[in-house]
Amino acid sequence: MDADDGPVNDLIALGLSRYEARVYLALVRRESYTAAEAAREADVPRQRIYDVLDGLVRRRLAVARPGRVATFSAVAPELATARLMTLQRESLDRLERVSAALTAALLPVWSDGRTHTDPLDYIEVLREPGAIAERFADIQEQAGRELLSFCKPPFVAPAANTEGIAVVRRLHRAGGRVRAVYTHDALDDAETLDNVRSFAEAGEEARFTAGLPLKLVIADASLVLCDMPDPVAGTGATTALYIEHPALAACLRLAFESVWQCAEPAAGARAAR
């Protein structure tokens, strides 16, 4: 480590740049230096030395002596450090005034912001299949009493959906209720039908109907996940909405009950076809 590293770092802490600190330490070693000599002694680029010396002179840490060749001398170290401390205190005073003014300006805005809520912050719009699948898993996990579903392909959960079956078992053991309405297509798909049977064994009540308007999940009459097929594009693209709104959930629950009453158990659905 260079012997000057400690003093250089101390002077930097007092507000000097690294070049200014190195040049001041060079100046204290001799009565005076020319700019070229100071640059060489301090190992500072020649193209920077005049700016550095001017900065020291402005801070009254060095004195310039005019002549055929100007020379520069350092002021006494105790005087230099005292002046640097004065500059630091003045800077701190300015920062305290700026801080106080900024606090006074921002505090009312911050206070107003505590009472402001986004009118739609209870709605989350989902377009990526992965994000929709995550929210589907979330709403199942959050269900504590009741889970209602309109189930129609394409399904976002894995075919086996072991996590969903675990949720059904949990709710069933706790005295809750899980009901799902499937379309008749499920009766023609062996994999889907096996999945329906697995859910039934876990405690889900299932019924079947010819068609469903959309995919829908309602948890505890407060959380809703539903898809919104694009009626114009005709590309099969779907936007899903995750909504935390008890009033809307209650309304959609009534719609579920209406469809549930008209739907049929598996045996009846097969006979009707």
# chains A, B, ... in the order shown; residues from 1 in each chain; ligands from 1
>>> select_by_dssp(residues="region 9-238 of chain A", states="helix (DSSP H, G or I)", output="PyMOL selection string")
chain A and resi 9-13+18-27+35-42+46-58+77-115+129-142+162-173+185-188+190-202
>>> select_by_dssp(residues="region 41-259 of chain A", states="strand (DSSP E or B)", output="mmCIF file with all heavy atoms, in the first residue's frame")
data_model
loop_
_atom_site.group_PDB
_atom_site.id
_atom_site.type_symbol
_atom_site.label_atom_id
_atom_site.label_comp_id
_atom_site.auth_asym_id
_atom_site.auth_seq_id
_atom_site.Cartn_x
_atom_site.Cartn_y
_atom_site.Cartn_z
ATOM 1 N N ALA A 62 -4.609 26.124 -1.317
ATOM 2 C CA ALA A 62 -3.319 26.383 -1.956
ATOM 3 C C ALA A 62 -3.269 27.843 -2.361
ATOM 4 O O ALA A 62 -4.307 28.509 -2.513
ATOM 5 C CB ALA A 62 -3.129 25.479 -3.170
ATOM 6 N N VAL A 63 -2.057 28.342 -2.519
ATOM 7 C CA VAL A 63 -1.848 29.741 -2.916
ATOM 8 C C VAL A 63 -1.071 29.762 -4.218
ATOM 9 O O VAL A 63 -0.069 29.040 -4.364
ATOM 10 C CB VAL A 63 -1.057 30.507 -1.828
ATOM 11 C CG1 VAL A 63 -0.789 31.937 -2.284
ATOM 12 C CG2 VAL A 63 -1.831 30.492 -0.513
ATOM 13 N N ALA A 64 -1.548 30.555 -5.192
ATOM 14 C CA ALA A 64 -0.858 30.706 -6.476
ATOM 15 C C ALA A 64 0.017 31.953 -6.415
ATOM 16 O O ALA A 64 -0.434 33.019 -5.976
ATOM 17 C CB ALA A 64 -1.867 30.810 -7.614
ATOM 18 N N ARG A 65 1.257 31.814 -6.844
ATOM 19 C CA ARG A 65 2.192 32.958 -6.880
ATOM 20 C C ARG A 65 2.529 33.243 -8.333
ATOM 21 O O ARG A 65 3.240 32.460 -8.980
ATOM 22 C CB ARG A 65 3.449 32.646 -6.078
ATOM 23 C CG ARG A 65 3.183 32.491 -4.574
ATOM 24 C CD ARG A 65 4.490 32.416 -3.795
ATOM 25 N NE ARG A 65 4.223 32.420 -2.354
ATOM 26 C CZ ARG A 65 3.983 31.341 -1.623
ATOM 27 N NH1 ARG A 65 3.977 30.147 -2.207
ATOM 28 N NH2 ARG A 65 3.756 31.438 -0.327
ATOM 29 N N THR A 71 3.916 29.556 -9.592
ATOM 30 C CA THR A 71 4.159 28.464 -8.647
ATOM 31 C C THR A 71 3.008 28.370 -7.667
ATOM 32 O O THR A 71 2.238 29.319 -7.494
ATOM 33 C CB THR A 71 5.474 28.681 -7.874
ATOM 34 O OG1 THR A 71 5.387 29.919 -7.152
ATOM 35 C CG2 THR A 71 6.665 28.708 -8.822
ATOM 36 N N PHE A 72 2.949 27.239 -7.015
ATOM 37 C CA PHE A 72 1.829 26.967 -6.113
ATOM 38 C C PHE A 72 2.364 26.401 -4.806
ATOM 39 O O PHE A 72 3.295 25.586 -4.794
ATOM 40 C CB PHE A 72 0.850 25.985 -6.741
ATOM 41 C CG PHE A 72 0.234 26.477 -8.013
ATOM 42 C CD1 PHE A 72 0.899 26.311 -9.232
ATOM 43 C CD2 PHE A 72 -0.992 27.118 -8.010
ATOM 44 C CE1 PHE A 72 0.341 26.777 -10.407
ATOM 45 C CE2 PHE A 72 -1.557 27.583 -9.193
ATOM 46 C CZ PHE A 72 -0.895 27.414 -10.397
ATOM 47 N N SER A 73 1.739 26.849 -3.705
ATOM 48 C CA SER A 73 2.132 26.371 -2.377
ATOM 49 C C SER A 73 0.892 25.937 -1.609
ATOM 50 O O SER A 73 -0.198 26.493 -1.799
ATOM 51 C CB SER A 73 2.840 27.479 -1.589
ATOM 52 O OG SER A 73 4.001 27.905 -2.270
ATOM 53 N N ALA A 74 1.067 24.969 -0.735
ATOM 54 C CA ALA A 74 -0.035 24.509 0.108
ATOM 55 C C ALA A 74 -0.157 25.394 1.332
ATOM 56 O O ALA A 74 0.840 25.881 1.861
ATOM 57 C CB ALA A 74 0.198 23.060 0.535
ATOM 58 N N ILE A 123 -59.203 -6.331 -9.558
ATOM 59 C CA ILE A 123 -59.264 -7.110 -10.797
ATOM 60 C C ILE A 123 -57.852 -7.287 -11.344
ATOM 61 O O ILE A 123 -57.107 -6.317 -11.482
ATOM 62 C CB ILE A 123 -60.143 -6.425 -11.857
ATOM 63 C CG1 ILE A 123 -61.578 -6.276 -11.364
ATOM 64 C CG2 ILE A 123 -60.111 -7.204 -13.169
ATOM 65 C CD1 ILE A 123 -62.483 -5.535 -12.326
ATOM 66 N N GLU A 124 -57.504 -8.521 -11.662
ATOM 67 C CA GLU A 124 -56.220 -8.807 -12.299
ATOM 68 C C GLU A 124 -56.507 -9.434 -13.661
ATOM 69 O O GLU A 124 -57.257 -10.395 -13.769
ATOM 70 C CB GLU A 124 -55.393 -9.763 -11.441
ATOM 71 C CG GLU A 124 -54.020 -10.054 -12.019
ATOM 72 C CD GLU A 124 -53.207 -10.976 -11.132
ATOM 73 O OE1 GLU A 124 -53.723 -11.385 -10.068
ATOM 74 O OE2 GLU A 124 -52.067 -11.300 -11.502
ATOM 75 N N VAL A 125 -55.915 -8.852 -14.699
ATOM 76 C CA VAL A 125 -56.106 -9.350 -16.060
ATOM 77 C C VAL A 125 -54.948 -10.276 -16.409
ATOM 78 O O VAL A 125 -53.783 -9.900 -16.283
ATOM 79 C CB VAL A 125 -56.191 -8.185 -17.066
ATOM 80 C CG1 VAL A 125 -56.392 -8.716 -18.485
ATOM 81 C CG2 VAL A 125 -57.330 -7.232 -16.686
ATOM 82 N N LEU A 126 -55.277 -11.478 -16.859
ATOM 83 C CA LEU A 126 -54.259 -12.488 -17.159
ATOM 84 C C LEU A 126 -54.400 -12.939 -18.610
ATOM 85 O O LEU A 126 -55.512 -13.235 -19.067
ATOM 86 C CB LEU A 126 -54.420 -13.697 -16.236
ATOM 87 C CG LEU A 126 -54.434 -13.393 -14.735
ATOM 88 C CD1 LEU A 126 -54.951 -14.606 -13.970
ATOM 89 C CD2 LEU A 126 -53.044 -13.020 -14.255
ATOM 90 N N GLU A 146 -66.024 -23.492 0.179
ATOM 91 C CA GLU A 146 -66.766 -23.901 -1.007
ATOM 92 C C GLU A 146 -65.947 -23.599 -2.261
ATOM 93 O O GLU A 146 -65.279 -22.574 -2.358
ATOM 94 C CB GLU A 146 -68.101 -23.145 -1.072
ATOM 95 C CG GLU A 146 -68.967 -23.540 -2.251
ATOM 96 C CD GLU A 146 -70.254 -22.719 -2.299
ATOM 97 O OE1 GLU A 146 -70.164 -21.488 -2.518
ATOM 98 O OE2 GLU A 146 -71.332 -23.319 -2.121
ATOM 99 N N LEU A 147 -66.038 -24.508 -3.227
ATOM 100 C CA LEU A 147 -65.358 -24.306 -4.502
ATOM 101 C C LEU A 147 -66.309 -24.762 -5.608
ATOM 102 O O LEU A 147 -66.724 -25.931 -5.647
ATOM 103 C CB LEU A 147 -64.054 -25.116 -4.547
ATOM 104 C CG LEU A 147 -63.078 -24.791 -5.676
ATOM 105 C CD1 LEU A 147 -62.554 -23.353 -5.547
ATOM 106 C CD2 LEU A 147 -61.908 -25.769 -5.666
ATOM 107 N N LEU A 148 -66.680 -23.832 -6.466
ATOM 108 C CA LEU A 148 -67.612 -24.097 -7.555
ATOM 109 C C LEU A 148 -66.900 -23.886 -8.885
ATOM 110 O O LEU A 148 -66.150 -22.911 -9.036
ATOM 111 C CB LEU A 148 -68.821 -23.168 -7.471
ATOM 112 C CG LEU A 148 -69.521 -23.058 -6.107
ATOM 113 C CD1 LEU A 148 -70.627 -22.014 -6.172
ATOM 114 C CD2 LEU A 148 -70.071 -24.416 -5.678
ATOM 115 N N SER A 149 -67.175 -24.760 -9.871
ATOM 116 C CA SER A 149 -66.445 -24.651 -11.142
ATOM 117 C C SER A 149 -67.339 -24.961 -12.325
ATOM 118 O O SER A 149 -68.161 -25.892 -12.277
ATOM 119 C CB SER A 149 -65.254 -25.621 -11.172
ATOM 120 O OG SER A 149 -64.397 -25.426 -10.085
ATOM 121 N N PHE A 150 -67.181 -24.196 -13.395
ATOM 122 C CA PHE A 150 -67.630 -24.570 -14.728
ATOM 123 C C PHE A 150 -66.382 -25.083 -15.441
ATOM 124 O O PHE A 150 -65.423 -24.322 -15.638
ATOM 125 C CB PHE A 150 -68.183 -23.364 -15.497
ATOM 126 C CG PHE A 150 -69.569 -22.939 -15.079
ATOM 127 C CD1 PHE A 150 -70.063 -21.696 -15.475
ATOM 128 C CD2 PHE A 150 -70.386 -23.771 -14.340
ATOM 129 C CE1 PHE A 150 -71.346 -21.301 -15.106
ATOM 130 C CE2 PHE A 150 -71.673 -23.373 -13.961
ATOM 131 C CZ PHE A 150 -72.144 -22.125 -14.350
ATOM 132 N N CYS A 151 -66.384 -26.340 -15.822
ATOM 133 C CA CYS A 151 -65.185 -26.960 -16.404
ATOM 134 C C CYS A 151 -65.420 -27.288 -17.873
ATOM 135 O O CYS A 151 -66.292 -28.101 -18.195
ATOM 136 C CB CYS A 151 -64.814 -28.227 -15.645
ATOM 137 S SG CYS A 151 -64.557 -27.981 -13.877
ATOM 138 N N ARG A 177 -67.790 -27.923 0.629
ATOM 139 C CA ARG A 177 -68.466 -28.519 -0.516
ATOM 140 C C ARG A 177 -67.745 -28.105 -1.802
ATOM 141 O O ARG A 177 -67.406 -26.920 -1.982
ATOM 142 C CB ARG A 177 -69.926 -28.064 -0.559
ATOM 143 C CG ARG A 177 -70.783 -28.864 -1.528
ATOM 144 C CD ARG A 177 -72.231 -28.455 -1.458
ATOM 145 N NE ARG A 177 -73.094 -29.329 -2.247
ATOM 146 C CZ ARG A 177 -74.374 -29.092 -2.506
ATOM 147 N NH1 ARG A 177 -74.960 -28.006 -2.021
ATOM 148 N NH2 ARG A 177 -75.080 -29.944 -3.238
ATOM 149 N N VAL A 178 -67.537 -29.084 -2.670
ATOM 150 C CA VAL A 178 -66.913 -28.834 -3.972
ATOM 151 C C VAL A 178 -67.853 -29.368 -5.043
ATOM 152 O O VAL A 178 -68.213 -30.554 -5.043
ATOM 153 C CB VAL A 178 -65.538 -29.540 -4.087
ATOM 154 C CG1 VAL A 178 -64.914 -29.235 -5.448
ATOM 155 C CG2 VAL A 178 -64.616 -29.095 -2.965
ATOM 156 N N ARG A 179 -68.278 -28.467 -5.940
ATOM 157 C CA ARG A 179 -69.170 -28.863 -7.025
ATOM 158 C C ARG A 179 -68.602 -28.382 -8.354
ATOM 159 O O ARG A 179 -68.057 -27.271 -8.442
ATOM 160 C CB ARG A 179 -70.566 -28.290 -6.814
ATOM 161 C CG ARG A 179 -71.312 -28.903 -5.639
ATOM 162 C CD ARG A 179 -72.702 -28.333 -5.511
ATOM 163 N NE ARG A 179 -72.684 -26.942 -5.048
ATOM 164 C CZ ARG A 179 -73.726 -26.110 -5.111
ATOM 165 N NH1 ARG A 179 -74.869 -26.520 -5.643
ATOM 166 N NH2 ARG A 179 -73.628 -24.886 -4.645
ATOM 167 N N ALA A 180 -68.766 -29.222 -9.382
ATOM 168 C CA ALA A 180 -68.261 -28.860 -10.708
ATOM 169 C C ALA A 180 -69.268 -29.277 -11.761
ATOM 170 O O ALA A 180 -69.868 -30.355 -11.684
ATOM 171 C CB ALA A 180 -66.917 -29.533 -10.969
ATOM 172 N N VAL A 181 -69.432 -28.410 -12.743
ATOM 173 C CA VAL A 181 -70.276 -28.730 -13.894
ATOM 174 C C VAL A 181 -69.359 -28.888 -15.103
ATOM 175 O O VAL A 181 -68.568 -27.989 -15.418
ATOM 176 C CB VAL A 181 -71.316 -27.619 -14.163
ATOM 177 C CG1 VAL A 181 -72.158 -27.983 -15.391
ATOM 178 C CG2 VAL A 181 -72.212 -27.418 -12.948
ATOM 179 N N TYR A 182 -69.437 -30.049 -15.755
ATOM 180 C CA TYR A 182 -68.643 -30.353 -16.938
ATOM 181 C C TYR A 182 -69.543 -30.356 -18.165
ATOM 182 O O TYR A 182 -70.759 -30.586 -18.070
ATOM 183 C CB TYR A 182 -67.975 -31.727 -16.813
ATOM 184 C CG TYR A 182 -66.981 -31.841 -15.681
ATOM 185 C CD1 TYR A 182 -67.408 -32.167 -14.387
ATOM 186 C CD2 TYR A 182 -65.622 -31.644 -15.897
ATOM 187 C CE1 TYR A 182 -66.499 -32.292 -13.342
ATOM 188 C CE2 TYR A 182 -64.709 -31.768 -14.860
ATOM 189 C CZ TYR A 182 -65.153 -32.092 -13.588
ATOM 190 O OH TYR A 182 -64.257 -32.213 -12.564
ATOM 191 N N THR A 183 -68.935 -30.189 -19.328
ATOM 192 C CA THR A 183 -69.698 -30.343 -20.564
ATOM 193 C C THR A 183 -69.747 -31.823 -20.928
ATOM 194 O O THR A 183 -68.949 -32.638 -20.458
ATOM 195 C CB THR A 183 -69.043 -29.550 -21.711
ATOM 196 O OG1 THR A 183 -67.719 -30.031 -21.909
ATOM 197 C CG2 THR A 183 -68.999 -28.059 -21.384
ATOM 198 N N GLU A 205 -68.639 -33.165 -6.140
ATOM 199 C CA GLU A 205 -69.914 -33.488 -6.771
ATOM 200 C C GLU A 205 -69.866 -32.973 -8.201
ATOM 201 O O GLU A 205 -69.511 -31.802 -8.435
ATOM 202 C CB GLU A 205 -71.075 -32.827 -6.024
ATOM 203 C CG GLU A 205 -71.154 -33.181 -4.548
ATOM 204 C CD GLU A 205 -72.176 -32.320 -3.829
ATOM 205 O OE1 GLU A 205 -73.344 -32.270 -4.283
ATOM 206 O OE2 GLU A 205 -71.794 -31.666 -2.837
ATOM 207 N N ALA A 206 -70.215 -33.831 -9.151
ATOM 208 C CA ALA A 206 -70.102 -33.442 -10.555
ATOM 209 C C ALA A 206 -71.426 -33.612 -11.276
ATOM 210 O O ALA A 206 -72.173 -34.581 -11.024
ATOM 211 C CB ALA A 206 -69.029 -34.268 -11.249
ATOM 212 N N ARG A 207 -71.712 -32.681 -12.166
ATOM 213 C CA ARG A 207 -72.855 -32.797 -13.073
ATOM 214 C C ARG A 207 -72.409 -32.407 -14.475
ATOM 215 O O ARG A 207 -71.338 -31.797 -14.659
ATOM 216 C CB ARG A 207 -74.019 -31.926 -12.601
ATOM 217 C CG ARG A 207 -74.652 -32.427 -11.311
ATOM 218 C CD ARG A 207 -75.939 -31.690 -10.989
ATOM 219 N NE ARG A 207 -76.540 -32.187 -9.745
ATOM 220 C CZ ARG A 207 -77.692 -31.775 -9.249
ATOM 221 N NH1 ARG A 207 -78.386 -30.816 -9.896
ATOM 222 N NH2 ARG A 207 -78.165 -32.269 -8.129
ATOM 223 N N PHE A 208 -73.271 -32.735 -15.445
ATOM 224 C CA PHE A 208 -72.894 -32.543 -16.842
ATOM 225 C C PHE A 208 -73.996 -31.808 -17.581
ATOM 226 O O PHE A 208 -75.188 -31.972 -17.281
ATOM 227 C CB PHE A 208 -72.624 -33.893 -17.507
ATOM 228 C CG PHE A 208 -71.473 -34.640 -16.893
ATOM 229 C CD1 PHE A 208 -71.658 -35.378 -15.723
ATOM 230 C CD2 PHE A 208 -70.216 -34.595 -17.457
ATOM 231 C CE1 PHE A 208 -70.604 -36.060 -15.133
ATOM 232 C CE2 PHE A 208 -69.149 -35.272 -16.869
ATOM 233 C CZ PHE A 208 -69.335 -36.003 -15.710
ATOM 234 N N THR A 209 -73.583 -30.997 -18.551
ATOM 235 C CA THR A 209 -74.548 -30.247 -19.349
ATOM 236 C C THR A 209 -74.016 -30.135 -20.775
ATOM 237 O O THR A 209 -72.828 -30.373 -21.041
ATOM 238 C CB THR A 209 -74.783 -28.848 -18.754
ATOM 239 O OG1 THR A 209 -75.856 -28.208 -19.433
ATOM 240 C CG2 THR A 209 -73.539 -27.990 -18.875
ATOM 241 N N LEU A 216 -65.208 -21.061 -15.297
ATOM 242 C CA LEU A 216 -65.455 -20.233 -14.122
ATOM 243 C C LEU A 216 -65.064 -21.004 -12.857
ATOM 244 O O LEU A 216 -65.329 -22.203 -12.751
ATOM 245 C CB LEU A 216 -66.936 -19.849 -14.055
ATOM 246 C CG LEU A 216 -67.449 -19.131 -12.808
ATOM 247 C CD1 LEU A 216 -66.895 -17.713 -12.754
ATOM 248 C CD2 LEU A 216 -68.981 -19.104 -12.797
ATOM 249 N N VAL A 217 -64.435 -20.311 -11.923
ATOM 250 C CA VAL A 217 -64.154 -20.876 -10.599
ATOM 251 C C VAL A 217 -64.562 -19.824 -9.571
ATOM 252 O O VAL A 217 -64.202 -18.644 -9.697
ATOM 253 C CB VAL A 217 -62.659 -21.216 -10.416
ATOM 254 C CG1 VAL A 217 -62.433 -21.863 -9.051
ATOM 255 C CG2 VAL A 217 -62.178 -22.141 -11.513
ATOM 256 N N ILE A 218 -65.326 -20.241 -8.569
ATOM 257 C CA ILE A 218 -65.742 -19.341 -7.483
ATOM 258 C C ILE A 218 -65.329 -19.980 -6.162
ATOM 259 O O ILE A 218 -65.697 -21.127 -5.881
ATOM 260 C CB ILE A 218 -67.267 -19.100 -7.487
ATOM 261 C CG1 ILE A 218 -67.756 -18.656 -8.858
ATOM 262 C CG2 ILE A 218 -67.643 -18.075 -6.415
ATOM 263 C CD1 ILE A 218 -69.274 -18.646 -8.991
ATOM 264 N N ALA A 219 -64.580 -19.250 -5.369
ATOM 265 C CA ALA A 219 -64.149 -19.763 -4.070
ATOM 266 C C ALA A 219 -64.783 -18.942 -2.957
ATOM 267 O O ALA A 219 -64.647 -17.713 -2.926
ATOM 268 C CB ALA A 219 -62.626 -19.707 -3.949
ATOM 269 N N LEU A 223 -64.007 -14.988 -4.247
ATOM 270 C CA LEU A 223 -62.951 -14.962 -5.263
ATOM 271 C C LEU A 223 -63.474 -15.593 -6.544
ATOM 272 O O LEU A 223 -64.165 -16.616 -6.515
ATOM 273 C CB LEU A 223 -61.718 -15.740 -4.786
ATOM 274 C CG LEU A 223 -61.069 -15.276 -3.485
ATOM 275 C CD1 LEU A 223 -59.926 -16.216 -3.111
ATOM 276 C CD2 LEU A 223 -60.548 -13.852 -3.623
ATOM 277 N N VAL A 224 -63.101 -14.987 -7.673
ATOM 278 C CA VAL A 224 -63.582 -15.467 -8.969
ATOM 279 C C VAL A 224 -62.413 -15.537 -9.950
ATOM 280 O O VAL A 224 -61.581 -14.628 -10.013
ATOM 281 C CB VAL A 224 -64.666 -14.526 -9.552
ATOM 282 C CG1 VAL A 224 -65.050 -14.955 -10.966
ATOM 283 C CG2 VAL A 224 -65.877 -14.484 -8.641
ATOM 284 N N LEU A 225 -62.365 -16.622 -10.711
ATOM 285 C CA LEU A 225 -61.471 -16.724 -11.855
ATOM 286 C C LEU A 225 -62.317 -17.158 -13.032
ATOM 287 O O LEU A 225 -62.976 -18.205 -12.978
ATOM 288 C CB LEU A 225 -60.355 -17.739 -11.600
ATOM 289 C CG LEU A 225 -59.367 -17.956 -12.760
ATOM 290 C CD1 LEU A 225 -58.551 -16.688 -13.008
ATOM 291 C CD2 LEU A 225 -58.440 -19.130 -12.478
ATOM 292 N N CYS A 226 -62.342 -16.335 -14.076
ATOM 293 C CA CYS A 226 -63.153 -16.688 -15.238
ATOM 294 C C CYS A 226 -62.428 -16.292 -16.504
ATOM 295 O O CYS A 226 -61.586 -15.382 -16.510
ATOM 296 C CB CYS A 226 -64.533 -16.021 -15.178
ATOM 297 S SG CYS A 226 -64.471 -14.216 -15.251
ATOM 298 N N ASP A 227 -62.752 -17.010 -17.593
ATOM 299 C CA ASP A 227 -62.154 -16.641 -18.871
ATOM 300 C C ASP A 227 -63.125 -15.769 -19.648
ATOM 301 O O ASP A 227 -64.332 -15.799 -19.443
ATOM 302 C CB ASP A 227 -61.751 -17.881 -19.680
ATOM 303 C CG ASP A 227 -62.965 -18.654 -20.209
ATOM 304 O OD1 ASP A 227 -64.086 -18.394 -19.755
ATOM 305 O OD2 ASP A 227 -62.771 -19.511 -21.075
ATOM 306 N N MET A 228 -62.564 -14.953 -20.538
ATOM 307 C CA MET A 228 -63.365 -14.061 -21.366
ATOM 308 C C MET A 228 -62.930 -14.268 -22.815
ATOM 309 O O MET A 228 -62.058 -13.570 -23.328
ATOM 310 C CB MET A 228 -63.149 -12.603 -20.946
ATOM 311 C CG MET A 228 -63.518 -12.312 -19.495
ATOM 312 S SD MET A 228 -65.281 -12.379 -19.207
ATOM 313 C CE MET A 228 -65.795 -10.885 -20.028
ATOM 314 N N PRO A 229 -63.503 -15.244 -23.498
ATOM 315 C CA PRO A 229 -63.125 -15.487 -24.891
ATOM 316 C C PRO A 229 -63.371 -14.251 -25.753
ATOM 317 O O PRO A 229 -64.359 -13.533 -25.556
ATOM 318 C CB PRO A 229 -64.036 -16.645 -25.306
ATOM 319 C CG PRO A 229 -64.446 -17.281 -24.020
ATOM 320 C CD PRO A 229 -64.520 -16.172 -23.021
ATOM 321 N N THR A 238 -57.881 -16.119 -25.311
ATOM 322 C CA THR A 238 -58.678 -15.934 -24.099
ATOM 323 C C THR A 238 -57.973 -14.997 -23.135
ATOM 324 O O THR A 238 -56.762 -15.066 -22.967
ATOM 325 C CB THR A 238 -58.929 -17.282 -23.404
ATOM 326 O OG1 THR A 238 -59.752 -18.082 -24.249
ATOM 327 C CG2 THR A 238 -59.623 -17.094 -22.071
ATOM 328 N N THR A 239 -58.738 -14.129 -22.526
ATOM 329 C CA THR A 239 -58.252 -13.306 -21.430
ATOM 330 C C THR A 239 -58.951 -13.772 -20.163
ATOM 331 O O THR A 239 -60.173 -13.942 -20.156
ATOM 332 C CB THR A 239 -58.567 -11.820 -21.678
ATOM 333 O OG1 THR A 239 -57.866 -11.383 -22.836
ATOM 334 C CG2 THR A 239 -58.142 -10.968 -20.478
ATOM 335 N N ALA A 240 -58.181 -14.017 -19.124
ATOM 336 C CA ALA A 240 -58.767 -14.456 -17.863
ATOM 337 C C ALA A 240 -58.796 -13.303 -16.874
ATOM 338 O O ALA A 240 -57.905 -12.446 -16.885
ATOM 339 C CB ALA A 240 -57.974 -15.630 -17.281
ATOM 340 N N LEU A 241 -59.798 -13.283 -16.026
ATOM 341 C CA LEU A 241 -59.934 -12.253 -14.996
ATOM 342 C C LEU A 241 -59.919 -12.928 -13.629
ATOM 343 O O LEU A 241 -60.662 -13.880 -13.391
ATOM 344 C CB LEU A 241 -61.248 -11.478 -15.166
ATOM 345 C CG LEU A 241 -61.458 -10.738 -16.479
ATOM 346 C CD1 LEU A 241 -62.816 -10.040 -16.468
ATOM 347 C CD2 LEU A 241 -60.344 -9.731 -16.730
ATOM 348 N N TYR A 242 -59.053 -12.420 -12.762
ATOM 349 C CA TYR A 242 -59.025 -12.867 -11.365
ATOM 350 C C TYR A 242 -59.597 -11.713 -10.544
ATOM 351 O O TYR A 242 -59.043 -10.611 -10.549
ATOM 352 C CB TYR A 242 -57.601 -13.190 -10.947
ATOM 353 C CG TYR A 242 -57.479 -13.657 -9.509
ATOM 354 C CD1 TYR A 242 -57.826 -14.951 -9.142
ATOM 355 C CD2 TYR A 242 -57.004 -12.791 -8.515
ATOM 356 C CE1 TYR A 242 -57.709 -15.383 -7.835
ATOM 357 C CE2 TYR A 242 -56.887 -13.226 -7.203
ATOM 358 C CZ TYR A 242 -57.243 -14.511 -6.869
ATOM 359 O OH TYR A 242 -57.126 -14.927 -5.571
ATOM 360 N N ILE A 243 -60.711 -11.950 -9.853
ATOM 361 C CA ILE A 243 -61.461 -10.867 -9.223
ATOM 362 C C ILE A 243 -61.706 -11.188 -7.760
ATOM 363 O O ILE A 243 -62.202 -12.276 -7.434
ATOM 364 C CB ILE A 243 -62.816 -10.641 -9.932
ATOM 365 C CG1 ILE A 243 -62.599 -10.445 -11.440
ATOM 366 C CG2 ILE A 243 -63.545 -9.444 -9.342
ATOM 367 C CD1 ILE A 243 -63.878 -10.487 -12.252
ATOM 368 N N GLU A 244 -61.374 -10.251 -6.902
ATOM 369 C CA GLU A 244 -61.695 -10.365 -5.471
ATOM 370 C C GLU A 244 -62.833 -9.402 -5.180
ATOM 371 O O GLU A 244 -62.612 -8.226 -4.896
ATOM 372 C CB GLU A 244 -60.463 -10.036 -4.624
ATOM 373 C CG GLU A 244 -59.288 -10.970 -4.852
ATOM 374 C CD GLU A 244 -58.125 -10.664 -3.931
ATOM 375 O OE1 GLU A 244 -58.360 -10.421 -2.731
ATOM 376 O OE2 GLU A 244 -56.984 -10.642 -4.414
#
>>> residues_around(residues="Glu141 (chain A)", least_positions_apart="6", cutoff="9 Å", atoms="only C-alpha atoms", output="VMD selection string")
chain A and resid 163 to 164 167
>>> residues_around(residues="Thr81 (chain A)", least_positions_apart="3", cutoff="12 Å", atoms="only C-alpha atoms", output="number ranges by chain")
A: 7, 10-16, 21, 24, 59-62, 74-78, 84-88
>>> closest_residue(among="A:Ala133, A:Leu193, A:Leu102, A:Ala221", to="Ala250 (chain A)", atoms="only C-alpha atoms")
A:Ala221
